[in-house]
Structure formats: structure tokens, C-alpha cells
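The structure appears right after this line, and notes come after that.
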Amino acid sequence: MSNEDYYDILGVGRDASDDEIKAAFRKLARQYHPDVNKEEGAEEKFKEINEAYGVLSDREKRARYDRFGREGLGNIGGFRDYTVDFGDIFEELFGSFGFSMGRSSRRSPRRGRDLQTKVTLAFEEAVFGVEKEVEFQREETCSRCNGSGAEPGTSPTRCPTCNGQGEVRQVRQTFLGQMVQTATCPTCNGRGETISSPCKTCRGGGLERKTVKKRVQIPAGVDHGTQIRLAGEGGPGVYGGPNGSLFIVLDVKPHKFFKRRENDIVLNLDINVAQATLGAEIEVPTLDGAEKLKIPAGTQSGKVFHMKGRGVPYLRRNGRGDQLVIVNVAVPTKLTKEQRELFQKLAESLGTTVKPQEKGFLDWLNEALGG
């Protein structure tokens with residue numbers, strides 16, 4: 001397998017929707033499927049297309065790929081490890097050739113739909129973790145008919161058109177001989193059953209929409225845009241298939257003073273001229289409370305102090321980042337008479353010589369922050 005970008009393989013942009021990704025896969029699968037394309041390299045190209053679709057069609061895998069690339073997929077990488085149901089797509093590809101797929105695809109177990117909801121966190125909640133109640137809506141088995149779709153006291157009956165198979169077969173005579181083509185039953189729409197008295201609550205669908213509340217533990221160290229997956233909490237599976245997943249997208253509110261830089265906390269702090277010149281011990285706010293910080297004599301604006309272990313906890317290992325305190329020497333704008341006299345005496349002793357700097361403040365700041 002090549003290391004080509006999955007989006008480039010399918011020929012879509014990184015902001016492509018699920019429908020656009022699926023449409024691109026269908027188009028390329030028709031072109032490169034080994035049963036259709038006998039050219040050298042077509043089979044390998046088809047495997048790459050499947051691998052790309054296996055990642056980009058899965059919400060969780062796509063999010064990990066967007067953030068970390070192929071390395072972030074870990075052990076889920078590799079074509080044979082993907083669990084993508086290509087049944088309906090292949091049926092579409094070969095249906096026009098008149099081939100029967102030899103299975104009842106409409107009644108085979110299918111995974112339920114994935115759901116998504118948003119949870120808003122305070123800055124401190126994202127750093128230290130919190131338990132939140134999440135409220136969302138999903139379809140569940142109808143409480144009136146227990147999922148049968150029929151009004152209580154009645155029952156679904158076997159579809160007379162397809163005899164309960166959910167599909168009908170048509171025999172066509174072609175120049176290649178007799179071909180069998182299958183299609184979804186037009187009477188029961190693939191259910192295999194018909195309902196004469198639909199349930200009044202679900203109108204024959206067997207499902208009703210309900211509001212669900214769940215307590216979810218948000219781990220320490222999450223960030224804005226982090227997704228948490230709850231397996232089995234999405235939409236119900238079809239014909240015995242597993243439920244989908246619920247994806248919780250986190251929205252972290254900004255803090256008044258603190259800024260986050262990966263696992264470090266950045267704090268801009270003003271100190272006065274005397275503290276910078278003579279040195280001082282000051283109290284600095286941290287997410288764990290106020291702590292003392294020693295300012296050495298002669299400190300310049302832009303100096304960065306590292307407070308070890310006062311940053312954000314790492315998600316997948318022990319330890320925390322640092323708090324980076326960037327000091328700014330604040331020049332007073334208003335002086336008392338006594339303060340002015342003192343500064344005038346200081347100015348006379350320091351002289352009037354100025355010295356050009358090879359680097360500006362932003363250069364020093366970028367170097368201090370590593371970038």
C-alpha cells in the first residue's frame with residue numbers, strides 16, 4: 001500500500017461530506033474493480049480505494065486520521081482490518097450486469113446510525129475532568145407495539161408478493177443466456193411483512209423518538225473539538241444488527257487569563273519596574289491556586305518562567321504540562337510628585353545612551369515559546 005493521502009486517493013477535499021465520499025468511492029469502485037478492470041495495477045488501486053473509504057466513511061477513524069494521519073490509526077490500519085459493509089454498493093455496481101448477489105441484502109443485519117451531540121465545558125472542567133449529564137434524542141423500540149409496527153391486538157402478516165423474503169427475483173433473457181436479477185419487494189419495501197393496522201404511536205415503523213439522559217465521565221486533559229465515542233448508544237440496528245455509536249463533541253469555553261498551548265498553560269503577567277529591576281517574590285495564579293514565583297533582578301519584558309507540572313494533564317499517559325508565565329514590565333502612566341522626582345534622579349544616573357537591538361520583542365517571545 002502507498003502512503004498517499006486518503007482524500008487524494010478518493011479525489012475529494014478534506015471538508016467533503018459523507019455523501020460526497022460515498023459517491024467518490026462508488027465511481028472509483030466501478031472503474032477499478034478487478035472483475036471489470038483487467039489492467040495491470042487495477043487490483044492494487046482497488047485495495048487502496050477500499051482502504052481510503054474504510055477510514056473516511058467511519059466517523060471515529062476519520063477524526064483520528066484528520067488529526068494524526070495514518071500513524072494515529074494505530075492497529076486499525078490495514079485494508080483487511082476495516083469493517084465496511086460494501087454489500088449495497090457492490091449490488092449497485094453489478095446489478096446493471098444482471099448478476100444476482102446470492103443473498104438477501106435488504107434483510108441482512110445492519111449497524112444502526114451514529115449520532116452526535118455537543119457538550120460545553122468550562123476551561124477548568126476540560127483540564128481536570130468532570131462528570132456531565134448528556135441529553136440527546138434517539139430512536140428506540142416503540143413502547144406501544146414492542147417494535148412489531150402493528151397496533152396491539154394485531155400482527156404483521158407475511159408479504160404475499162415476496163413470500164417473506166423481502167425481495168423479488170426477475171428472470172431476464174440476454175445474449176449471454178438467462179440472468180436472474182433481484183430487487184427490493186415493492187409491496188413490503190424489503191421487510192418481508194405487511195401491516196394492515198399500523199401502530200398509532202410509531203405508524204408502523206416499530207421505533208419511536210425518545211429523549212435520553214446519560215451520565216458521562218469526561219477525562220482530564222480534553223481539548224476543544226475532542227470527540228468521545230459511546231459505543232452502542234446511537235441509533236438501533238436493523239434486523240438484529242448492532243446499535244450505532246454516540247459521538248460527544250466537546251466545546252471548551254475560553255478562560256479569562258489562561259491560554260492553552262497543547263498541554264501547557266500560558267499566562268501573561270505584568271510586573272512593575274522596581275520588581276523587574278531589583279527582583280521580587282510574587283504570587284502567580286495557577287489552575288491549582290496561587291503559588292509563589294521568584295523574579296530575579298534585571299528581568300526583561302518577554303522573559304518566560306516555567307512552572308513545572310502546572311499545565312494540562314496528558315490524556316494517554318501520566319504527568320502534566322507546564323505553566324508558562326510571560327512577564328511584561330509595565331511602565332507607569334501616572335506618577336506622584338515623589339515618584340517623578342525619584343525617576344528623574346534615576347534618569348540622570350543612567351544617562352541618555354540608547355542601544356539598538358538585533359532582535360525584536362516578538363523574536364524573543366517566539367524563541368522562548370519554542371516556535
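Ligands are numbered from 1 in the order shown, chains are lettered A, B, ... in the order of the C-alpha cells, and residues start at 1 in each chain.
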
Write out as an MDAnalysis selection string the residues lying within 7 Å of range 230-242 of chain A, counting only C-alpha atoms and excluding same-chain residues fewer than 5 positions away.
-> chainID A and resid 107:115 138:140 247

Export C-alpha atoms of the chosen residues as an mmCIF file, in the first residue's frame?
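Result saved to part.cif:
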data_model
loop_
_atom_site.group_PDB
_atom_site.id
_atom_site.type_symbol
_atom_site.label_atom_id
_atom_site.label_comp_id
_atom_site.auth_asym_id
_atom_site.auth_seq_id
_atom_site.Cartn_x
_atom_site.Cartn_y
_atom_site.Cartn_z
ATOM 1 C CA ARG A 107 -32.793 -8.242 5.377
ATOM 2 C CA SER A 108 -29.215 -8.815 6.486
ATOM 3 C CA PRO A 109 -28.174 -7.320 9.865
ATOM 4 C CA ARG A 110 -27.087 -3.700 9.544
ATOM 5 C CA ARG A 111 -25.442 -1.412 12.099
ATOM 6 C CA GLY A 112 -27.501 1.471 13.465
ATOM 7 C CA ARG A 113 -26.897 5.102 12.632
ATOM 8 C CA ASP A 114 -24.251 7.082 14.529
ATOM 9 C CA LEU A 115 -25.476 10.113 16.479
ATOM 10 C CA ARG A 138 -32.568 8.744 19.524
ATOM 11 C CA GLU A 139 -34.978 6.181 18.130
ATOM 12 C CA GLU A 140 -35.843 3.248 20.374
ATOM 13 C CA PHE A 247 -20.193 10.886 19.469
#

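Within the 8 Å cut-off around range 120-127 of chain A, using only C-alpha atoms and omitting residues fewer than 4 positions from it on the same chain, the listed residues are Ile218, Pro219, Ala220, Gly221, Val222, Asp223, Leu250, Asp251, Val252, Lys253, Pro254, His255, Leu287, Val312 and Pro313 of chain A.
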
Atom pair CA of Ala150 in chain A / CA of Cys185 in chain A: separation (Å) = 19.4 Å

Excluding Cys188 in chain A and residues on its chain fewer than 2 positions from it, collect all residues at most 10 Å away from it, counting only C-alpha atoms, and give them as a short mmCIF file (atom, residue, chain, number, x, y, z; two decimals) with C-alpha atoms, in the first residue's frame.
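Output file out-v5.cif follows:
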data_model
loop_
_atom_site.label_atom_id
_atom_site.label_comp_id
_atom_site.auth_asym_id
_atom_site.auth_seq_id
_atom_site.Cartn_x
_atom_site.Cartn_y
_atom_site.Cartn_z
CA ARG A 158 -46.16 -12.44 5.59
CA CYS A 159 -45.90 -10.41 2.41
CA PRO A 160 -47.79 -12.26 -0.37
CA THR A 161 -45.60 -10.74 -3.11
CA CYS A 162 -42.16 -11.91 -1.89
CA GLY A 164 -41.46 -13.04 3.36
CA GLN A 165 -38.11 -12.79 1.55
CA GLY A 166 -38.09 -9.01 1.25
CA GLU A 167 -37.01 -9.18 -2.37
CA THR A 184 -36.44 -4.96 -3.17
CA CYS A 185 -40.01 -6.08 -2.88
CA PRO A 186 -42.27 -3.15 -3.92
CA GLY A 190 -37.89 -5.24 1.98
CA ARG A 191 -39.49 -6.01 5.35
CA GLY A 192 -40.96 -9.33 4.30
CA GLU A 193 -44.14 -8.44 6.17
CA THR A 194 -47.15 -6.24 5.62
CA ILE A 195 -49.08 -4.42 8.35
#

Pick out the closest residue to Glu283 in chain A from this set: A:Ala23, A:Arg203, A:Gly149, A:Ile271. Count only C-alpha atoms.
->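 Closest candidate: A:Ile271.
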
Just list the residues in range 100-147 of chain A DSSP gives strand (DSSP E) on the backbone, as a list in words.
-> Leu115, Gln116, Thr117, Lys118, Val119, Thr120, Leu121, Val130, Glu131, Lys132, Glu133, Val134, Glu135, Phe136, Gln137, Arg138, Glu139, Glu140 and Thr141 of chain A

Between CA of Glu51 in chain A and CA of Gln227 in chain A, what is the spacing in Å?
->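 Distance reported for this atom pair: 22.6 Å.
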
Range 138-308 of chain A: residues DSSP assigns to helix (DSSP H, G or I), reported as a PyMOL selection string | chain A and resi 273-278

For those residues, write N, CA and C atoms to a file as a PDB file, in the first residue's frame.
ATOM      1  N   VAL A 273       8.308  48.181  37.320  1.00  0.00           N
ATOM      2  CA  VAL A 273       9.714  48.430  37.017  1.00  0.00           C
ATOM      3  C   VAL A 273      10.622  48.047  38.183  1.00  0.00           C
ATOM      4  N   ALA A 274      10.184  48.342  39.398  1.00  0.00           N
ATOM      5  CA  ALA A 274      11.006  48.033  40.566  1.00  0.00           C
ATOM      6  C   ALA A 274      11.178  46.529  40.736  1.00  0.00           C
ATOM      7  N   GLN A 275      10.087  45.764  40.544  1.00  0.00           N
ATOM      8  CA  GLN A 275      10.169  44.303  40.670  1.00  0.00           C
ATOM      9  C   GLN A 275      11.120  43.718  39.621  1.00  0.00           C
ATOM     10  N   ALA A 276      11.045  44.251  38.401  1.00  0.00           N
ATOM     11  CA  ALA A 276      11.910  43.758  37.336  1.00  0.00           C
ATOM     12  C   ALA A 276      13.368  44.124  37.584  1.00  0.00           C
ATOM     13  N   THR A 277      13.590  45.314  38.096  1.00  0.00           N
ATOM     14  CA  THR A 277      14.959  45.802  38.278  1.00  0.00           C
ATOM     15  C   THR A 277      15.631  45.189  39.502  1.00  0.00           C
ATOM     16  N   LEU A 278      14.919  45.174  40.614  1.00  0.00           N
ATOM     17  CA  LEU A 278      15.526  44.735  41.875  1.00  0.00           C
ATOM     18  C   LEU A 278      15.284  43.259  42.164  1.00  0.00           C
TER      19      LEU A 278
END
